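Student: start_8.cif is the file, holding mmCIF, C-alpha atoms:
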data_protein
loop_
_atom_site.label_atom_id
_atom_site.label_comp_id
_atom_site.auth_asym_id
_atom_site.auth_seq_id
_atom_site.Cartn_x
_atom_site.Cartn_y
_atom_site.Cartn_z
CA MET W 61 4.07 -12.03 -24.51
CA HIS W 62 3.98 -11.99 -20.70
CA ALA W 63 4.59 -14.77 -18.23
CA THR W 64 1.89 -15.17 -15.60
CA LEU W 65 1.69 -16.88 -12.26
CA PRO W 66 0.83 -20.56 -12.35
CA SER W 67 -2.85 -21.26 -12.92
CA SER W 68 -3.02 -22.82 -9.45
CA ALA W 69 -2.33 -19.36 -8.06
CA ARG W 70 -5.17 -17.83 -10.07
CA ALA W 71 -8.23 -19.88 -10.83
CA GLN W 72 -8.22 -23.12 -8.88
CA PRO W 73 -9.66 -23.32 -5.37
CA ALA W 74 -7.37 -24.09 -2.48
CA THR W 75 -7.34 -27.55 -0.95
CA GLY W 76 -5.57 -26.48 2.25
CA PRO W 77 -7.18 -24.97 5.34
CA VAL W 78 -8.12 -21.32 5.60
CA GLY W 79 -5.41 -19.38 7.41
CA LYS W 80 -2.33 -21.19 6.12
CA LEU W 81 0.38 -18.98 4.63
CA GLU W 82 1.95 -20.27 1.45
CA LEU W 83 5.16 -18.99 -0.12
CA VAL W 84 4.35 -18.09 -3.73
CA VAL W 85 7.64 -16.74 -5.02
CA ALA W 86 10.92 -15.30 -3.78
CA ALA W 87 11.13 -11.95 -5.54
CA ARG W 88 14.55 -10.75 -6.62
CA ALA W 89 13.50 -7.12 -6.21
CA PRO W 90 16.26 -4.51 -6.06
CA THR W 91 14.97 -3.09 -2.78
CA THR W 92 12.03 -2.85 -0.36
CA PRO W 93 8.79 -4.04 -2.08
CA THR W 94 6.12 -2.27 -0.04
CA GLY W 95 3.31 -2.74 -2.57
CA LEU W 96 1.95 -5.49 -4.78
CA THR W 97 -1.06 -6.15 -6.98
CA LEU W 98 -2.29 -8.78 -9.44
CA SER W 99 -4.14 -8.47 -12.72
CA LYS W 100 -7.13 -10.69 -13.47
CA GLU W 101 -4.84 -12.86 -15.62
CA GLY W 102 -2.43 -13.39 -12.72
CA ARG W 103 0.34 -10.97 -13.67
CA MET W 104 1.94 -9.66 -10.49
CA PHE W 105 3.48 -6.23 -9.99
CA LEU W 106 5.69 -4.94 -7.17
CA PHE W 107 6.32 -1.37 -6.06
CA MET W 108 9.52 -0.17 -4.42
CA PRO W 109 9.53 3.41 -3.11
CA ARG W 110 12.59 5.46 -4.03
CA PHE W 111 13.91 5.70 -0.49
CA ASP W 112 17.45 6.37 -1.74
CA GLU W 113 19.74 6.21 -4.75
CA HIS W 114 19.89 2.40 -4.53
CA THR W 115 16.32 2.19 -5.84
CA VAL W 116 17.12 1.52 -9.48
CA PHE W 117 13.44 1.28 -10.44
CA THR W 118 10.26 1.89 -8.49
CA ALA W 119 7.62 -0.15 -10.39
CA GLY W 120 8.23 -3.66 -11.67
CA GLU W 121 6.57 -6.81 -12.96
CA LEU W 122 7.30 -9.99 -11.01
CA PHE W 123 7.71 -13.22 -12.97
CA PRO W 124 7.23 -16.76 -11.63
CA ASP W 125 11.00 -17.39 -11.58
CA GLY W 126 11.49 -14.43 -9.21
CA ARG W 127 12.72 -11.90 -11.76
CA VAL W 128 11.46 -8.36 -11.32
CA VAL W 129 11.77 -6.10 -14.37
CA PRO W 130 10.99 -2.36 -14.64
CA TYR W 131 7.41 -1.60 -15.60
CA PRO W 132 6.03 -0.28 -17.89
CA SER W 133 9.62 0.25 -19.08
CA GLU W 134 13.10 1.02 -17.84
CA ALA W 135 12.89 4.50 -19.40
CA ALA W 136 9.67 5.29 -17.53
CA ASN W 137 11.41 4.41 -14.26
CA ARG W 138 14.17 7.00 -14.76
CA PRO W 139 12.92 10.01 -12.76
CA ASP W 140 13.39 13.24 -14.67
CA PRO W 141 12.35 16.53 -13.02
CA ALA W 142 12.16 18.07 -16.50
CA ARG W 143 9.54 15.42 -17.41
CA ALA W 144 7.96 15.02 -14.00
CA ALA W 145 4.54 14.03 -15.33
CA ASP W 146 5.96 11.38 -17.66
CA THR W 147 8.47 9.53 -15.46
CA LEU W 148 8.12 7.56 -12.23
CA PHE W 149 9.79 8.78 -9.06
CA HIS W 150 8.56 7.05 -5.89
CA VAL W 151 5.77 4.49 -6.23
CA PRO W 152 4.76 2.96 -2.87
CA ASN W 153 1.74 1.12 -4.24
CA GLY W 154 -0.42 0.35 -7.24
CA VAL W 155 -3.81 -1.35 -7.71
CA PHE W 156 -5.92 -2.85 -10.45
CA ASP W 157 -9.41 -1.47 -10.91
CA SER W 158 -12.54 -3.43 -11.87
CA ARG W 159 -11.75 -2.86 -15.56
CA ASN W 160 -8.35 -4.52 -15.11
CA ARG W 161 -6.42 -1.28 -15.52
CA LEU W 162 -3.34 -0.68 -13.39
CA TRP W 163 -3.19 2.53 -11.34
CA LEU W 164 0.17 3.66 -9.95
CA LEU W 165 0.50 6.11 -7.06
CA ASP W 166 3.61 8.26 -7.48
CA ALA W 167 4.56 10.30 -4.39
CA GLY W 168 7.03 12.32 -6.46
CA LEU W 169 9.90 11.91 -3.98
CA MET W 170 13.57 11.40 -4.75
CA ALA W 171 14.36 10.03 -1.27
CA SER W 172 12.64 9.07 1.98
CA SER W 173 12.45 12.73 2.91
CA GLY W 174 12.47 16.10 1.19
CA GLU W 175 9.94 18.06 -0.79
CA PRO W 176 8.14 16.25 -3.63
CA VAL W 177 9.52 17.21 -7.04
CA ALA W 178 7.30 19.81 -8.68
CA GLY W 179 4.68 18.10 -10.86
CA ALA W 180 5.83 14.58 -9.96
CA ALA W 181 3.08 13.56 -7.51
CA LYS W 182 0.42 11.85 -9.62
CA LEU W 183 -1.80 8.92 -10.43
CA VAL W 184 -0.90 6.98 -13.57
CA CYS W 185 -3.40 4.65 -15.26
CA ILE W 186 -1.88 1.91 -17.45
CA ASP W 187 -3.42 -0.54 -19.89
CA PRO W 188 -1.63 -3.83 -19.08
CA ALA W 189 -2.55 -5.34 -22.45
CA ALA W 190 -0.60 -2.67 -24.32
CA ASN W 191 1.69 -1.69 -21.42
CA GLY W 192 0.87 1.91 -22.25
CA VAL W 193 -0.20 4.90 -20.18
CA LEU W 194 -3.89 5.75 -20.60
CA ARG W 195 -4.11 8.73 -18.30
CA THR W 196 -2.14 10.78 -15.76
CA ILE W 197 -3.78 12.80 -12.99
CA SER W 198 -1.65 15.41 -11.24
CA LEU W 199 -1.71 15.53 -7.44
CA GLN W 200 0.45 18.64 -7.24
CA ALA W 201 -2.38 20.74 -5.80
CA VAL W 202 -2.90 18.44 -2.79
CA VAL W 203 0.66 17.63 -1.68
CA THR W 204 2.65 19.68 0.80
CA PRO W 205 6.43 20.15 1.22
CA THR W 206 6.40 17.31 3.78
CA SER W 207 3.99 14.94 1.99
CA SER W 208 4.71 11.24 1.61
CA LEU W 209 1.86 9.63 -0.32
CA ASN W 210 1.54 6.02 0.71
CA ASP W 211 -1.48 3.89 -0.23
CA LEU W 212 -4.24 3.80 -2.84
CA ARG W 213 -7.71 2.41 -3.50
CA VAL W 214 -9.76 2.90 -6.68
CA ASP W 215 -13.55 2.58 -6.89
CA LEU W 216 -15.35 2.57 -10.27
CA ARG W 217 -18.96 2.33 -9.15
CA PRO W 218 -21.24 4.29 -11.54
CA GLY W 219 -21.65 7.86 -10.38
CA ARG W 220 -18.80 7.56 -7.88
CA GLU W 221 -15.60 6.87 -9.82
CA ALA W 222 -12.95 7.83 -7.32
CA ALA W 223 -9.49 7.19 -5.96
CA TYR W 224 -8.56 7.43 -2.29
CA ILE W 225 -5.00 8.04 -1.12
CA THR W 226 -3.22 8.29 2.23
CA ASP W 227 -0.54 10.88 2.88
CA GLN W 228 1.64 9.55 5.68
CA GLY W 229 3.59 12.79 5.96
CA GLN W 230 7.25 13.06 6.88
CA THR W 231 6.62 14.70 10.24
CA GLY W 232 3.69 12.54 11.34
CA GLU W 233 1.04 14.99 10.17
CA GLY W 234 -0.96 12.91 7.73
CA ALA W 235 -4.02 13.41 5.54
CA LEU W 236 -6.44 11.69 3.18
CA ILE W 237 -6.82 12.61 -0.48
CA ALA W 238 -9.96 11.98 -2.53
CA VAL W 239 -9.83 12.16 -6.33
CA ASP W 240 -12.88 12.44 -8.58
CA LEU W 241 -11.70 10.37 -11.54
CA ALA W 242 -14.25 11.85 -13.93
CA SER W 243 -12.91 15.39 -13.53
CA GLY W 244 -9.46 14.71 -12.11
CA ARG W 245 -10.25 17.04 -9.19
CA ALA W 246 -8.38 16.13 -6.00
CA LEU W 247 -9.23 17.22 -2.44
CA ARG W 248 -6.93 17.11 0.59
CA ARG W 249 -8.87 16.05 3.66
CA LEU W 250 -8.36 15.73 7.44
CA GLY W 251 -4.84 17.15 7.40
CA SER W 252 -3.44 16.96 10.95
CA HIS W 253 -6.74 15.52 12.24
CA ASP W 254 -6.20 13.16 15.18
CA SER W 255 -7.25 10.21 13.03
CA THR W 256 -4.52 10.86 10.42
CA ARG W 257 -1.75 11.92 12.83
CA SER W 258 1.13 9.83 14.18
CA VAL W 259 0.60 9.02 17.87
CA PRO W 260 3.64 9.98 19.99
CA GLY W 261 5.16 7.59 22.47
CA LEU W 262 4.05 4.32 20.87
CA LEU W 263 6.41 1.36 21.20
CA LYS W 264 6.64 -0.76 18.05
CA ILE W 265 8.72 -3.94 18.19
CA VAL W 266 9.55 -5.79 14.98
CA GLU W 267 11.73 -8.92 14.93
CA GLY W 268 12.41 -8.44 18.63
CA ARG W 269 13.76 -4.91 18.28
CA THR W 270 12.22 -1.50 18.96
CA LEU W 271 11.63 0.32 15.70
CA LEU W 272 13.47 3.66 15.71
CA LYS W 273 15.43 5.82 13.34
CA ARG W 274 19.03 4.95 14.15
CA LYS W 275 22.01 6.94 12.89
CA ALA W 276 25.56 5.66 12.48
CA ASP W 277 26.67 7.75 15.48
CA GLY W 278 24.30 5.80 17.74
CA SER W 279 21.70 8.53 18.12
CA THR W 280 18.05 7.62 17.72
CA SER W 281 14.74 9.36 17.10
CA PRO W 282 11.14 8.10 17.13
CA ILE W 283 9.28 6.94 14.05
CA GLN W 284 6.72 9.38 12.67
CA GLY W 285 3.96 7.83 10.60
CA GLY W 286 0.59 9.39 9.80
CA ALA W 287 -2.23 8.00 7.64
CA ASN W 288 -0.87 4.82 6.08
CA GLY W 289 -3.02 1.80 5.25
CA ILE W 290 -6.50 2.12 3.74
CA ALA W 291 -9.33 -0.20 2.73
CA LEU W 292 -12.68 0.37 1.06
CA SER W 293 -15.94 -1.10 2.36
CA PRO W 294 -17.72 -3.51 -0.03
CA ASP W 295 -20.39 -0.94 -0.90
CA GLY W 296 -17.85 1.85 -1.31
CA THR W 297 -19.48 4.10 1.29
CA ARG W 298 -16.73 3.97 3.92
CA LEU W 299 -12.97 4.30 3.77
CA TYR W 300 -11.05 2.53 6.54
CA TYR W 301 -7.65 3.90 7.49
CA SER W 302 -5.02 4.10 10.20
CA PRO W 303 -1.75 5.95 10.83
CA LEU W 304 1.39 3.81 10.75
CA MET W 305 2.09 4.78 14.35
CA SER W 306 -1.34 4.22 15.85
CA ARG W 307 -3.25 1.24 17.18
CA GLN W 308 -6.63 2.66 16.22
CA LEU W 309 -8.72 1.93 13.14
CA TYR W 310 -10.87 4.71 11.70
CA ALA W 311 -13.60 5.02 9.08
CA VAL W 312 -14.90 8.03 7.16
CA ASP W 313 -17.76 8.51 4.70
CA THR W 314 -16.48 8.52 1.13
CA ALA W 315 -19.32 10.80 0.01
CA ALA W 316 -18.08 13.44 2.45
CA LEU W 317 -14.49 13.06 1.23
CA LEU W 318 -15.56 13.69 -2.36
CA ASP W 319 -18.03 16.53 -1.72
CA GLU W 320 -16.15 19.79 -2.28
CA SER W 321 -19.02 21.74 -0.72
CA ARG W 322 -18.20 20.18 2.67
CA ASP W 323 -15.35 21.64 4.68
CA ASP W 324 -12.99 19.58 6.79
CA GLY W 325 -15.17 20.02 9.85
CA ALA W 326 -18.09 18.41 8.04
CA VAL W 327 -15.86 15.58 6.84
CA ALA W 328 -14.47 15.07 10.36
CA ALA W 329 -18.02 14.75 11.68
CA THR W 330 -18.32 11.49 9.72
CA VAL W 331 -15.13 9.96 11.15
CA GLN W 332 -15.63 6.93 13.39
CA ASP W 333 -13.06 5.52 15.80
CA LEU W 334 -13.51 1.75 15.42
CA GLY W 335 -11.18 0.86 18.26
CA GLU W 336 -7.86 -0.87 18.59
CA LYS W 337 -6.56 -3.26 15.95
CA GLY W 338 -2.84 -3.44 16.71
CA LEU W 339 0.07 -1.76 14.94
CA THR W 340 -0.24 -2.31 11.20
CA GLY W 341 0.84 -1.17 7.77
CA GLY W 342 -1.43 -2.28 4.93
CA LEU W 343 -5.16 -2.96 5.20
CA ALA W 344 -7.66 -4.71 2.93
CA ALA W 345 -11.40 -5.34 3.13
CA ASP W 346 -13.21 -8.37 1.73
CA SER W 347 -16.78 -8.70 0.43
CA ARG W 348 -18.03 -9.40 3.95
CA ASP W 349 -16.58 -6.13 5.26
CA ARG W 350 -13.86 -7.88 7.24
CA ILE W 351 -10.60 -5.96 7.39
CA TYR W 352 -7.27 -7.73 7.04
CA LEU W 353 -4.39 -6.39 9.11
CA SER W 354 -0.65 -6.58 8.44
CA LEU W 355 0.49 -7.28 11.99
CA GLN W 356 4.13 -6.25 11.72
CA GLU W 357 4.92 -6.88 15.39
CA PHE W 358 3.79 -10.51 15.01
CA ASN W 359 5.09 -11.35 11.51
CA GLY W 360 1.49 -12.15 10.82
CA VAL W 361 -1.90 -11.51 9.28
CA GLY W 362 -4.87 -10.50 11.37
CA ARG W 363 -8.51 -9.79 10.65
CA ARG W 364 -11.08 -7.49 12.18
CA ASP W 365 -14.67 -8.62 11.90
CA PRO W 366 -17.54 -6.10 11.57
CA ASP W 367 -18.39 -6.63 15.27
CA GLY W 368 -14.91 -5.38 16.21
CA GLN W 369 -13.40 -8.74 17.09
CA VAL W 370 -9.75 -9.05 16.03
CA GLU W 371 -7.92 -12.34 15.56
CA VAL W 372 -4.53 -13.45 14.28
CA LEU W 373 -5.10 -15.70 11.28
CA ALA W 374 -1.53 -16.79 10.55
CA ASN W 375 2.08 -15.88 11.08
CA ASP W 376 5.47 -16.91 9.76
CA PRO W 377 8.99 -15.81 10.77
CA ARG W 378 9.73 -15.22 7.08
CA LEU W 379 6.93 -12.66 6.91
CA ILE W 380 9.16 -9.71 7.84
CA TRP W 381 7.28 -6.40 7.88
CA PRO W 382 4.11 -7.54 6.09
CA ASP W 383 2.84 -4.62 4.08
CA THR W 384 0.34 -4.32 1.23
CA PHE W 385 -2.44 -6.87 0.65
CA TRP W 386 -4.21 -7.85 -2.55
CA ILE W 387 -7.36 -10.01 -2.68
CA THR W 388 -8.12 -11.93 -5.87
CA ASP W 389 -11.50 -12.90 -7.26
CA GLU W 390 -10.66 -16.52 -6.45
CA GLY W 391 -10.34 -15.76 -2.72
CA TRP W 392 -6.59 -15.57 -2.29
CA LEU W 393 -5.01 -12.93 -0.08
CA TYR W 394 -1.52 -11.97 -1.31
CA LEU W 395 1.02 -9.96 0.67
CA SER W 396 4.67 -9.02 0.58
CA SER W 397 7.43 -9.38 3.14
CA ALA W 398 8.90 -5.90 2.68
CA GLN W 399 11.69 -6.02 5.32
CA ALA W 400 11.32 -2.25 5.82
CA ASN W 401 12.51 -2.51 9.44
CA ARG W 402 15.85 -3.79 8.11
CA ARG W 403 16.50 -0.68 6.03
CA PRO W 404 19.63 1.39 6.77
CA GLU W 405 17.74 4.24 8.43
CA HIS W 406 16.63 1.84 11.18
CA ASN W 407 20.03 0.16 11.59
CA GLY W 408 22.72 2.80 11.94
CA GLY W 409 23.25 3.10 8.21
CA THR W 410 23.66 -0.64 7.63
CA ASP W 411 21.30 -2.29 5.16
CA ARG W 412 20.15 -5.53 6.79
CA GLN W 413 17.63 -6.49 4.12
CA GLU W 414 18.14 -9.99 2.75
CA PRO W 415 16.83 -10.46 -0.78
CA PRO W 416 15.00 -12.24 -2.25
CA TYR W 417 11.79 -10.92 -0.75
CA ALA W 418 9.10 -13.46 0.12
CA ILE W 419 5.65 -13.10 -1.45
CA PHE W 420 2.99 -15.07 0.41
CA ARG W 421 -0.64 -15.89 -0.10
CA MET W 422 -3.33 -17.43 2.07
CA ARG W 423 -6.80 -18.71 1.32
CA ILE W 424 -9.70 -16.66 2.64
CA ASP W 425 -13.39 -17.45 2.39
CA ALA W 426 -14.51 -14.19 0.78
CA GLY W 427 -13.88 -12.42 -2.52
CA PRO W 428 -12.53 -8.93 -3.11
CA ALA W 429 -14.33 -5.80 -2.03
#
For the structure just supplied, provide its representation as structure tokens.

Tutor:
Amino acid sequence: MHATLPSSARAQPATGPVGKLELVVAARAPTTPTGLTLSKEGRMFLFMPRFDEHTVFTAGELFPDGRVVPYPSEAANRPDPARAADTLFHVPNGVFDSRNRLWLLDAGLMASSGEPVAGAAKLVCIDPAANGVLRTISLQAVVTPTSSLNDLRVDLRPGREAAYITDQGQTGEGALIAVDLASGRALRRLGSHDSTRSVPGLLKIVEGRTLLKRKADGSTSPIQGGANGIALSPDGTRLYYSPLMSRQLYAVDTAALLDESRDDGAVAATVQDLGEKGLTGGLAADSRDRIYLSLQEFNGVGRRDPDGQVEVLANDPRLIWPDTFWITDEGWLYLSSAQANRRPEHNGGTDRQEPPYAIFRMRIDAGPA
């Protein structure tokens, strides 16, 4: 039997104003929770990339009292290169599909850098009712020695069952990956294209401090971050995306991403530069094609309307490095305070993260895309 979030967090309409952030739970996660998702019944799951050896498990279920336990099991969260397809290594995000199945994105990494373990990069589909794996799709053919898979969207429209993935890259050279779920065929797209590449020279300030890689000896280096957040348009025809280190928002035709007869030049011809939206991590689109923005420089949530107008909806000093969003059928937008800027690699080797990690929600006036 599984505990779920209170019914007020699932089925009942909000009584407060749109735009107000509400603390849902303080998650006692073992480390940086960059991803989160909710089942239709209100079960919540967190994802903690294996940045280092302190990541004791990478996928977990969050309970209303703040406990986070390994999911689907402790054994599955023990990375084993000899069983790379069957164990979880580095899960930055997971999502529920329209059939209420949980999909995990495993980047196959054993640390924040280094080559993905052979056979470990994959998609894993789980039945939450039985807590059992239904299917595993290898991504080995579309990762590179410097890949760092980051975000995931799944679309189950008839005739177009697909998954879309960002590869942030470890050197700033990103890419998009499109997976035909019927066949399991995966295509690597727009590798090193301007729209998936980290932009040099950008200044990103989080909690009043410039974000850099900082070593214990005092030396620094710039952050490299290619294709990061993604969102799917309500009709499934466009994928929105942005590099971590870029202020621009882009869109590309999903049909072009999935069509193996089109080369990268033909795919690139469908890319649109939608203009500036600020420096963000996660993205999400609602049923009105409005895109929610994790505004990490402002400890806040923003939104881009279809006409290009961007506004800050809410902020909170406890919302430290907002990351992944999840929109429920009841019109709640959930997001995590990941505290990634407080990790040791940004602070001279000192871990400045302060668990528990805040999970917020806010009421929006549109359902999920």

Student: Kindly indicate which residue among W:Thr330, W:Arg350, W:Trp381, W:Pro404 lies nearest to Asp425 (chain W), using only C-alpha atoms for the distances.

Tutor: W:Arg350

Student: Convert the output of the PyMOL selection byres ((chain W and resi 219-227) around 7) on the shown file into explicit residues, formatted as an NGL selection string.

Tutor: :W and (207-218 or 228-229 or 234-242 or 287-288)

Student: Measure the distance from CA of Leu395 (chain W) to CA of Glu82 (chain W) in Å and round it to one decimal.

Tutor: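 Here the two named atoms are 10.4 Å from each other.
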
Student: Nearest to Pro132 (chain W): which of W:Val331, W:Val266, W:Ala189, W:Ala276 is it, counting all atoms listed in the file?

Tutor: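 Smallest distance to Pro132 (chain W) is found for W:Ala189.
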
Student: Skipping near chain neighbours, those fewer than 5 positions away, what residues fall within 10 Å of region 148-151 of chain W using all atoms listed in the file, listed as a ChimeraX atom specification?

Tutor: /W:93-95,106-112,115,117-119,131-132,134-141,143,164-172,176-177,180-184,208-211
